[in-house]
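K.L.:
First, the structure itself, so that you have it in front of you.
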Amino acid sequence: MPTDEITAAAAGSWTLGDRTVHRMGFGSMRITANPDRERAIAVLRRAVELGVNHIDTAAFYVSPGGTLRVGTGPARYATELIRAALAPYPEELVIATKVGFGYDPATGFTEAATAAQLRAQVEDNLRRLGRDRLDVVNLRLSRGPGPAPLVERFGALAELRAAGLIRHLGLSGARPEHLDEVAGIAPVVCVQNNYGVDAYREQDAFVRACGERGIAYVPFFALAGTNRERGASAAQGAAVEAVARAHGVTPQQVRLAWTLHQGPHVLAIPGTGDPAHLEENITAAALRLTPEDLTHLG
């Protein structure tokens with residue numbers, strides 16, 4: 001695998017609406033875990049130096065507590081760390097965020113059911129990021145029926161898009177039928193779901209269907225799989241470890257390469273608060289798996 005230059009550009013590019021991004025991006029959830037704010041800022045700046053121009057975030061990515069349920073000290077919002085590290089933002093940088101869920105340190109997680117609540121979450125993202133318009137907003141769907149019909153919530157976001165507060169819309173935690181439900185409301189540029197080489201493979205057909213529609217598929221927890229917020233397990237699986245040994249790389253790099261091999265519309269957003277792990281993840285952009293590797297991984 002070429003290692004002379006570590007660059008996210010090695011994964012190729014995809015277009016989200018009218019914005020082109022490198023397919024190797026960065027997920028910001030884990031930068032909130034460490035109380036060392038400067039460490040998070042350094043990781044974000046290094047990611048951009050390495051060619052990352054697609055960052056995933058959410059206003060409910062916050063520690064202590066929050067999604068990771070870890071940490072001590074004052075509140076650290078991923079969106080505010082991104083602003084501190086990268087504003088004024090490079091023109092080519094695309095920041096994708098999520099609404100639908102919110103987090104209040106006093107009351108915990110909430111779910112937006114009304115247009116007013118969704119607008120408040122959009123405005124919270126705008127304020128914390130220091131932006132006038134959000135590049136991509138994914139409506140995060142609950143695993144249950146949700147607090148209100150999807151068409152109403154997506155329609156409320158489409159109105160904010162028409163008002164100029166949002167550039168593009170996506171869905172997170174989506175099923176195939178959801179794309180049909182919102183098809184006449186506004187374009188969906190991406191679907192963001194939990195998916196990986198050994199996790200939620202029942203979505204394989206959905207991944208392909210998104211590609212056929214020209215919609216980006218953006219797996220989260222591609223490294224952690226079913227461990228989700230707990231992080232990647234030490235046990236990587238025999239097939240993953242065998243392919244890693246054959247290429248002289250880490251199992252985590254194989255997982256990211258497998259993700260990118262699922263189609264030119266599939267984007268990777270591995271997250272870390274560790275500078276060394278960041279470079280390891282970005283290096284996987286250049287890893288090319290063979291047909292035999294892909295057969296072995298399943």
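Chain labels run A, B, ... following the order of the structure tokens; each chain numbers its residues from 1, and ligands are numbered from 1 in the order shown.
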What are the closest atom pairs, with distances in Å to one decimal, for each residue of segment 143-203 of chain A lying within 9 Å of segment 115-119 of chain A, using only C-alpha atoms, rows by chain and rising residue number, as JSON lines?
P.N.:
```
{"residue": "A:Glu152", "atom": "CA", "partner": "A:Ala115", "partner_atom": "CA", "distance": 8.0}
{"residue": "A:Arg153", "atom": "CA", "partner": "A:Ala115", "partner_atom": "CA", "distance": 6.6}
{"residue": "A:Gly155", "atom": "CA", "partner": "A:Ala115", "partner_atom": "CA", "distance": 8.6}
{"residue": "A:Ala156", "atom": "CA", "partner": "A:Ala115", "partner_atom": "CA", "distance": 5.3}
{"residue": "A:Leu157", "atom": "CA", "partner": "A:Leu118", "partner_atom": "CA", "distance": 7.3}
{"residue": "A:Leu160", "atom": "CA", "partner": "A:Arg119", "partner_atom": "CA", "distance": 7.5}
```
K.L.:
Each residue of segment 15-120 of chain A lying at most 12 Å from segment 190-202 of chain A should get a row with its shortest atom-to-atom pair and the distance in Å to one decimal, counting only C-alpha atoms; could you produce that, ordered by chain and increasing number, as CSV?
P.N.:
```
residue,atom,partner,partner_atom,distance
A:Thr15,CA,A:Cys190,CA,10.0
A:Leu16,CA,A:Cys190,CA,7.2
A:Gly17,CA,A:Cys190,CA,9.1
A:Gly27,CA,A:Gln192,CA,11.8
A:Asp56,CA,A:Gln192,CA,10.1
A:Thr57,CA,A:Gln192,CA,11.8
A:Ala96,CA,A:Cys190,CA,9.9
A:Thr97,CA,A:Gln192,CA,10.7
A:Lys98,CA,A:Gln192,CA,9.9
```
K.L.:
Keeping only N, CA and C atoms, write the selected residues to a file as an mmCIF file, in the first residue's frame.
P.N.:
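Below you can see result.cif, which holds the result:
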```
data_model
loop_
_atom_site.group_PDB
_atom_site.id
_atom_site.type_symbol
_atom_site.label_atom_id
_atom_site.label_comp_id
_atom_site.auth_asym_id
_atom_site.auth_seq_id
_atom_site.Cartn_x
_atom_site.Cartn_y
_atom_site.Cartn_z
ATOM 1 N N THR A 15 -19.943 13.562 -5.078
ATOM 2 C CA THR A 15 -20.619 14.851 -5.016
ATOM 3 C C THR A 15 -21.885 14.759 -4.176
ATOM 4 N N LEU A 16 -21.938 15.585 -3.137
ATOM 5 C CA LEU A 16 -23.129 15.731 -2.297
ATOM 6 C C LEU A 16 -23.881 16.962 -2.791
ATOM 7 N N GLY A 17 -24.921 16.749 -3.588
ATOM 8 C CA GLY A 17 -25.592 17.891 -4.176
ATOM 9 C C GLY A 17 -24.653 18.614 -5.122
ATOM 10 N N GLY A 27 -15.307 11.700 11.377
ATOM 11 C CA GLY A 27 -16.432 11.788 12.299
ATOM 12 C C GLY A 27 -15.983 12.421 13.604
ATOM 13 N N ASP A 56 -18.314 14.985 9.732
ATOM 14 C CA ASP A 56 -19.632 14.666 10.279
ATOM 15 C C ASP A 56 -19.706 15.117 11.732
ATOM 16 N N THR A 57 -20.831 15.716 12.119
ATOM 17 C CA THR A 57 -20.981 16.179 13.489
ATOM 18 C C THR A 57 -22.448 16.210 13.869
ATOM 19 N N ALA A 96 -21.343 18.121 7.682
ATOM 20 C CA ALA A 96 -22.669 17.500 7.740
ATOM 21 C C ALA A 96 -23.052 17.320 9.199
ATOM 22 N N THR A 97 -24.246 17.762 9.553
ATOM 23 C CA THR A 97 -24.702 17.624 10.927
ATOM 24 C C THR A 97 -26.037 16.896 10.960
ATOM 25 N N LYS A 98 -26.558 16.693 12.164
ATOM 26 C CA LYS A 98 -27.808 15.956 12.336
ATOM 27 C C LYS A 98 -28.750 16.715 13.251
#
```
K.L.:
Identify which of the residues A:Val254, A:Ala59, A:Val151, A:Ala216 lies closest to Thr79 of chain A, counting only C-alpha atoms when measuring atom-to-atom distances.
P.N.:
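Between A:Val254, A:Ala59, A:Val151, A:Ala216, the residue approaching Thr79 of chain A most closely is A:Ala59.
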K.L.:
With only C-alpha atoms as the counted atoms, please give the residues lying no more than 9 Å from Pro264 of chain A, apart from itself and same-chain residues fewer than 2 positions off, as a list in words.
P.N.:
Gly12, Ser13, Trp14, Arg23, Gly211, Ala216, Leu260, His261, Gln262, Val266 and Leu267 of chain A
K.L.:
Write down as a PyMOL selection string the residues belonging to segment 41-211 of chain A that are assigned alpha helix (DSSP H) by DSSP computed on the backbone.
P.N.:
chain A and resi 41-49+78-86+115-129+150-162+176-182+204-211
K.L.:
When you count only C-alpha atoms, which of these residues is closest to Gly25 of chain A: A:Leu278, A:Leu150, A:Ala87, A:Leu68?
P.N.:
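Between A:Leu278, A:Leu150, A:Ala87, A:Leu68, the residue approaching Gly25 of chain A most closely is A:Leu278.
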K.L.:
May I ask for the distance between atom CA of Glu181 of chain A and atom CA of Ala120 of chain A, given in Å to one decimal place?
P.N.:
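Computed distance, atom CA of Glu181 of chain A to atom CA of Ala120 of chain A, equals 24.0 Å.
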K.L.:
Rank A:Leu93, A:Ala113, A:Ile55, A:Ile31 by their smallest atom-to-atom distance to Val70 of chain A, using only C-alpha atoms, and report the top residue only.
P.N.:
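Closest candidate: A:Ile31.
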K.L.:
Between A:Gly66, A:Ile215, A:Asp180, A:His296, which residue has the minimum interatomic distance to Glu241 of chain A, considering only C-alpha atoms?
P.N.:
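Among the listed residues, A:His296 lies closest to Glu241 of chain A.
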K.L.:
Taking 5 positions as the minimum chain separation for residues in the same chain, which residues sit within 10 Å of His247 of chain A when counting only C-alpha atoms? Answer as a PyMOL selection string.
P.N.:
chain A and resi 1+242+254+287-289+293
K.L.:
Got a sec to tell me which of segment 85-291 of chain A DSSP assigns to strand (DSSP E), as a ChimeraX atom specification?
P.N.:
/A:94-99,101-104,108-111,134-140,166-172,188-194,216-220
K.L.:
Which of these, A:Ala174, A:Phe60, A:Ala75, A:Thr272, has the shortest distance to Asp124 of chain A once you count only C-alpha atoms?
P.N.:
A:Phe60
K.L.:
Name the closest residue to Tyr217 of chain A among the candidates A:Ala239, A:Thr259, A:Tyr77, A:Pro275; distances are taken between atoms, counting only C-alpha atoms.
P.N.:
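Ranking A:Ala239, A:Thr259, A:Tyr77, A:Pro275 by distance to Tyr217 of chain A, first place goes to A:Thr259.
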